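Scroll down for the structure; my scribbles are underneath it.
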Amino acid sequence: MAKTNAVRILESAKIPFTLSHYEVDESDLSATNVAQKIGVDVESVFKTLIANGDKTGICVFCIPGNEELNLKKAAKCSGNKSIEMIKVKDILEITGYIRGGCSPIGMRKSFPTYIDETAQIFEEIFISAGVRGTQICLEPTLLANLISAEFADLI
């Protein structure tokens with residue numbers, strides 16, 4: 001497998017991580033399916049969601065795979081009055097990644113990023129490596145420091 005931007009960024013920052021590969025099921029890109037395929041609890045697999053705030057514009061939210069983003073909490077922590085999810089068709093143009101392979105590391109631009117506070121209860125969490133079929137496993141605080149993310153109550 002070719003290295004992704006996310007992997008190159010982690011390597012250049014000398015941040016320890018491991019990769020987990022799995023076979024992609026195009027009909028089920030859910031974090032629950034990913035967790036089952038790599039043999040971990042879905043709560044430790046964090047999905048990356050992109051939203052648009054009325055004041056700040058694009059924001060990135062990483063939440064446990066079995067949860068839904070609470071839009072009111074997301075708006076409040078990001079300094080917005082309201083926030084809405086972007087359309088799936090816009091993910092690639094905004095982030096440089098496709099649905100099911102969107103990583104909070106190495107997007108086209110740097111956006112305000114928030115990681116659900118539950119990430120801190122895990123020694124390591126899983127995030128997309130920037131392609132479908134590969135997950136990065138790393139310490140949540142190292143991830144937050146790398147991408148200048150804040151931990152917040154998002155679910």
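Just so we're on the same page: first chain in the structure tokens is A, next is B, and so on; residues restart at 1 for each chain, and ligands are numbered from 1 in the order they show up.
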*Going by DSSP on the backbone, which bits of range 92-121 of chain A are strand (DSSP E or B)? Write them as a list in words, please.*
Thr113, Tyr114, Ile115 and Asp116 of chain A
*Excluding same-chain residues fewer than 6 positions from range 35-50 of chain A, what lies within 10 Å of it counting only C-alpha atoms, as an NGL selection string?*
:A and (20-24 or 58-69 or 84-88 or 90-91 or 94-95 or 99-105 or 111 or 113-116 or 118-119 or 121-128 or 133-137)
Expected file: the selected residues, N, CA and C atoms, as a short mmCIF file (atom, residue, chain, number, x, y, z; two decimals), in the first residue's frame:
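Ended up saving to part09.cif:
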data_model
loop_
_atom_site.label_atom_id
_atom_site.label_comp_id
_atom_site.auth_asym_id
_atom_site.auth_seq_id
_atom_site.Cartn_x
_atom_site.Cartn_y
_atom_site.Cartn_z
N SER A 20 -3.70 -0.65 10.80
CA SER A 20 -4.53 -1.85 10.69
C SER A 20 -5.21 -1.80 9.32
N HIS A 21 -5.06 -2.88 8.57
CA HIS A 21 -5.66 -2.95 7.24
C HIS A 21 -6.86 -3.89 7.29
N TYR A 22 -7.85 -3.61 6.45
CA TYR A 22 -9.05 -4.45 6.39
C TYR A 22 -9.61 -4.39 4.98
N GLU A 23 -10.40 -5.40 4.66
CA GLU A 23 -11.05 -5.43 3.35
C GLU A 23 -12.27 -4.51 3.37
N VAL A 24 -12.35 -3.65 2.39
CA VAL A 24 -13.43 -2.66 2.32
C VAL A 24 -14.70 -3.29 1.75
N ILE A 58 -15.97 25.87 7.98
CA ILE A 58 -15.72 24.43 8.11
C ILE A 58 -15.06 24.08 9.43
N CYS A 59 -15.58 23.03 10.07
CA CYS A 59 -15.03 22.48 11.30
C CYS A 59 -14.98 20.96 11.16
N VAL A 60 -14.05 20.34 11.86
CA VAL A 60 -13.87 18.91 11.83
C VAL A 60 -14.16 18.34 13.22
N PHE A 61 -14.91 17.25 13.24
CA PHE A 61 -15.27 16.61 14.50
C PHE A 61 -14.94 15.12 14.44
N CYS A 62 -14.25 14.62 15.44
CA CYS A 62 -13.92 13.19 15.53
C CYS A 62 -14.68 12.62 16.72
N ILE A 63 -15.54 11.65 16.42
CA ILE A 63 -16.37 11.07 17.47
C ILE A 63 -16.34 9.55 17.40
N PRO A 64 -16.67 8.89 18.51
CA PRO A 64 -16.69 7.42 18.49
C PRO A 64 -17.63 6.91 17.40
N GLY A 65 -17.23 5.81 16.78
CA GLY A 65 -17.95 5.26 15.65
C GLY A 65 -19.38 4.86 15.90
N ASN A 66 -19.73 4.63 17.15
CA ASN A 66 -21.09 4.20 17.48
C ASN A 66 -21.97 5.35 17.95
N GLU A 67 -21.48 6.56 17.81
CA GLU A 67 -22.21 7.73 18.30
C GLU A 67 -22.61 8.66 17.16
N GLU A 68 -23.49 9.61 17.49
CA GLU A 68 -23.91 10.64 16.55
C GLU A 68 -23.41 11.98 17.09
N LEU A 69 -23.03 12.88 16.19
CA LEU A 69 -22.60 14.21 16.59
C LEU A 69 -23.81 15.01 17.08
N GLU A 84 -24.10 22.71 10.52
CA GLU A 84 -24.76 21.63 9.78
C GLU A 84 -23.70 20.80 9.07
N MET A 85 -23.99 19.53 8.91
CA MET A 85 -23.08 18.63 8.23
C MET A 85 -22.98 19.04 6.77
N ILE A 86 -21.79 18.90 6.20
CA ILE A 86 -21.65 19.18 4.77
C ILE A 86 -22.23 18.02 3.98
N LYS A 87 -22.49 18.25 2.73
CA LYS A 87 -23.00 17.20 1.85
C LYS A 87 -21.87 16.23 1.51
N VAL A 88 -22.20 14.94 1.40
CA VAL A 88 -21.21 13.91 1.09
C VAL A 88 -20.44 14.26 -0.18
N ASP A 90 -19.42 16.96 -1.20
CA ASP A 90 -18.45 18.04 -0.97
C ASP A 90 -17.23 17.62 -0.16
N ILE A 91 -17.24 16.40 0.39
CA ILE A 91 -16.15 15.96 1.27
C ILE A 91 -14.80 16.01 0.55
N ILE A 94 -13.48 19.61 -0.17
CA ILE A 94 -13.10 20.36 1.03
C ILE A 94 -11.88 19.75 1.71
N THR A 95 -11.85 18.43 1.84
CA THR A 95 -10.81 17.78 2.65
C THR A 95 -9.69 17.15 1.85
N ARG A 99 -15.41 9.86 1.34
CA ARG A 99 -16.23 9.29 2.42
C ARG A 99 -15.73 7.89 2.74
N GLY A 100 -15.56 7.62 4.03
CA GLY A 100 -15.07 6.32 4.45
C GLY A 100 -13.55 6.27 4.51
N GLY A 101 -12.90 7.36 4.10
CA GLY A 101 -11.45 7.42 4.14
C GLY A 101 -10.97 8.81 4.53
N CYS A 102 -11.77 9.51 5.31
CA CYS A 102 -11.47 10.89 5.69
C CYS A 102 -10.71 10.89 7.02
N SER A 103 -9.49 11.39 6.97
CA SER A 103 -8.64 11.46 8.16
C SER A 103 -8.58 12.89 8.67
N PRO A 104 -8.50 13.08 9.99
CA PRO A 104 -8.33 14.44 10.51
C PRO A 104 -6.90 14.95 10.29
N ILE A 105 -6.00 14.07 9.85
CA ILE A 105 -4.61 14.44 9.59
C ILE A 105 -4.42 14.63 8.08
N PHE A 111 -8.34 23.02 9.46
CA PHE A 111 -9.63 23.50 9.95
C PHE A 111 -9.67 23.33 11.46
N THR A 113 -10.50 21.77 14.69
CA THR A 113 -10.80 20.35 14.88
C THR A 113 -11.08 20.05 16.34
N TYR A 114 -12.09 19.22 16.57
CA TYR A 114 -12.53 18.85 17.92
C TYR A 114 -12.65 17.34 17.99
N ILE A 115 -12.10 16.78 19.06
CA ILE A 115 -12.16 15.34 19.29
C ILE A 115 -13.03 15.11 20.52
N ASP A 116 -13.97 14.18 20.41
CA ASP A 116 -14.83 13.92 21.57
C ASP A 116 -13.97 13.55 22.77
N THR A 118 -14.30 11.59 25.11
CA THR A 118 -14.19 10.17 25.49
C THR A 118 -12.91 9.55 24.93
N ALA A 119 -12.30 10.16 23.92
CA ALA A 119 -11.04 9.63 23.37
C ALA A 119 -9.98 9.52 24.45
N ILE A 121 -10.15 8.46 27.39
CA ILE A 121 -10.19 7.28 28.26
C ILE A 121 -9.46 6.09 27.65
N PHE A 122 -9.09 6.21 26.39
CA PHE A 122 -8.39 5.13 25.69
C PHE A 122 -6.89 5.43 25.62
N GLU A 123 -6.09 4.38 25.76
CA GLU A 123 -4.65 4.54 25.55
C GLU A 123 -4.38 4.86 24.09
N GLU A 124 -5.16 4.22 23.21
CA GLU A 124 -5.01 4.44 21.77
C GLU A 124 -6.39 4.45 21.12
N ILE A 125 -6.51 5.25 20.07
CA ILE A 125 -7.74 5.26 19.29
C ILE A 125 -7.38 5.00 17.83
N PHE A 126 -8.39 4.69 17.04
CA PHE A 126 -8.22 4.43 15.61
C PHE A 126 -8.90 5.54 14.82
N ILE A 127 -8.19 6.02 13.82
CA ILE A 127 -8.75 7.01 12.89
C ILE A 127 -8.39 6.56 11.48
N SER A 128 -9.08 7.08 10.50
CA SER A 128 -8.78 6.72 9.12
C SER A 128 -7.37 7.18 8.75
N GLY A 133 -9.92 1.20 4.02
CA GLY A 133 -9.19 -0.05 4.20
C GLY A 133 -7.99 0.04 5.12
N THR A 134 -7.69 1.21 5.64
CA THR A 134 -6.56 1.36 6.56
C THR A 134 -6.91 2.32 7.69
N GLN A 135 -6.63 1.88 8.90
CA GLN A 135 -6.83 2.70 10.09
C GLN A 135 -5.49 2.94 10.77
N ILE A 136 -5.34 4.14 11.33
CA ILE A 136 -4.16 4.50 12.13
C ILE A 136 -4.54 4.34 13.59
N CYS A 137 -3.67 3.70 14.36
CA CYS A 137 -3.85 3.56 15.81
C CYS A 137 -2.78 4.41 16.49
#
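Note that CA of Glu117 in chain A and CA of Leu29 in chain A are 23.7 Å apart.
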*Spatial neighbours of Thr56 in chain A, 12 Å, only C-alpha atoms, chain gap at least 2 places, as a PyMOL selection string*: chain A and resi 51-54+58-60+74-84+111-113
Those same residues - N, CA and C atoms - I'd like them written as a compact mmCIF listing (two decimals), in the first residue's frame.
# COMPACT_ATOMS: atom_id res chain seq x y z
N ALA A 51 -18.33 19.60 9.15
CA ALA A 51 -19.53 20.43 9.27
C ALA A 51 -19.19 21.88 8.93
N ASN A 52 -20.24 22.65 8.69
CA ASN A 52 -20.09 24.06 8.35
C ASN A 52 -20.81 24.90 9.39
N GLY A 53 -20.05 25.75 10.07
CA GLY A 53 -20.63 26.62 11.09
C GLY A 53 -21.03 27.96 10.52
N ASP A 54 -22.05 28.57 11.09
CA ASP A 54 -22.55 29.85 10.58
C ASP A 54 -21.55 30.99 10.81
N ILE A 58 -15.97 25.87 7.98
CA ILE A 58 -15.72 24.43 8.11
C ILE A 58 -15.06 24.08 9.43
N CYS A 59 -15.58 23.03 10.07
CA CYS A 59 -15.03 22.48 11.30
C CYS A 59 -14.98 20.96 11.16
N VAL A 60 -14.05 20.34 11.86
CA VAL A 60 -13.87 18.91 11.83
C VAL A 60 -14.16 18.34 13.22
N ALA A 74 -21.69 20.70 19.22
CA ALA A 74 -20.65 20.99 18.22
C ALA A 74 -20.63 22.49 17.92
N ALA A 75 -21.79 23.09 17.77
CA ALA A 75 -21.87 24.53 17.49
C ALA A 75 -21.29 25.32 18.66
N LYS A 76 -21.68 24.95 19.87
CA LYS A 76 -21.23 25.69 21.06
C LYS A 76 -19.71 25.64 21.21
N CYS A 77 -19.13 24.43 21.11
CA CYS A 77 -17.69 24.31 21.33
C CYS A 77 -16.87 24.97 20.23
N SER A 78 -17.45 25.10 19.04
CA SER A 78 -16.72 25.68 17.92
C SER A 78 -17.00 27.17 17.71
N GLY A 79 -17.77 27.76 18.62
CA GLY A 79 -18.03 29.20 18.54
C GLY A 79 -19.06 29.58 17.50
N ASN A 80 -19.95 28.65 17.19
CA ASN A 80 -21.01 28.91 16.22
C ASN A 80 -22.36 28.94 16.91
N LYS A 81 -23.31 29.61 16.25
CA LYS A 81 -24.68 29.59 16.74
C LYS A 81 -25.39 28.34 16.22
N SER A 82 -25.07 27.99 14.97
CA SER A 82 -25.62 26.78 14.37
C SER A 82 -24.56 26.15 13.49
N ILE A 83 -24.73 24.85 13.27
CA ILE A 83 -23.78 24.10 12.47
C ILE A 83 -24.53 23.01 11.74
N GLU A 84 -24.10 22.71 10.52
CA GLU A 84 -24.76 21.63 9.78
C GLU A 84 -23.70 20.80 9.07
N PHE A 111 -8.34 23.02 9.46
CA PHE A 111 -9.63 23.50 9.95
C PHE A 111 -9.67 23.33 11.46
N PRO A 112 -10.49 24.15 12.16
CA PRO A 112 -10.67 23.92 13.58
C PRO A 112 -11.17 22.49 13.80
N THR A 113 -10.50 21.77 14.69
CA THR A 113 -10.80 20.35 14.88
C THR A 113 -11.08 20.05 16.34
*Members of chain A assigned alpha helix (DSSP H) by DSSP, as a count of residues only*: 36
*State, in Å with one decimal place, the distance from CA of Gly96 in chain A to CA of Gly57 in chain A.*
16.8 Å
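The coordinates place CA of Ser148 in chain A at 28.6 Å from CA of Asn33 in chain A.
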*Have a look at A:Ala129, A:Ile147, A:Val34, A:Leu154 and name the one nearest to Val7 in chain A; count only C-alpha atoms.*
A:Ala129
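Nearest residue to Arg8 in chain A, choosing from A:Gly130, A:Gln120, A:Ile98, A:Asp25 and counting only C-alpha atoms: A:Gly130.
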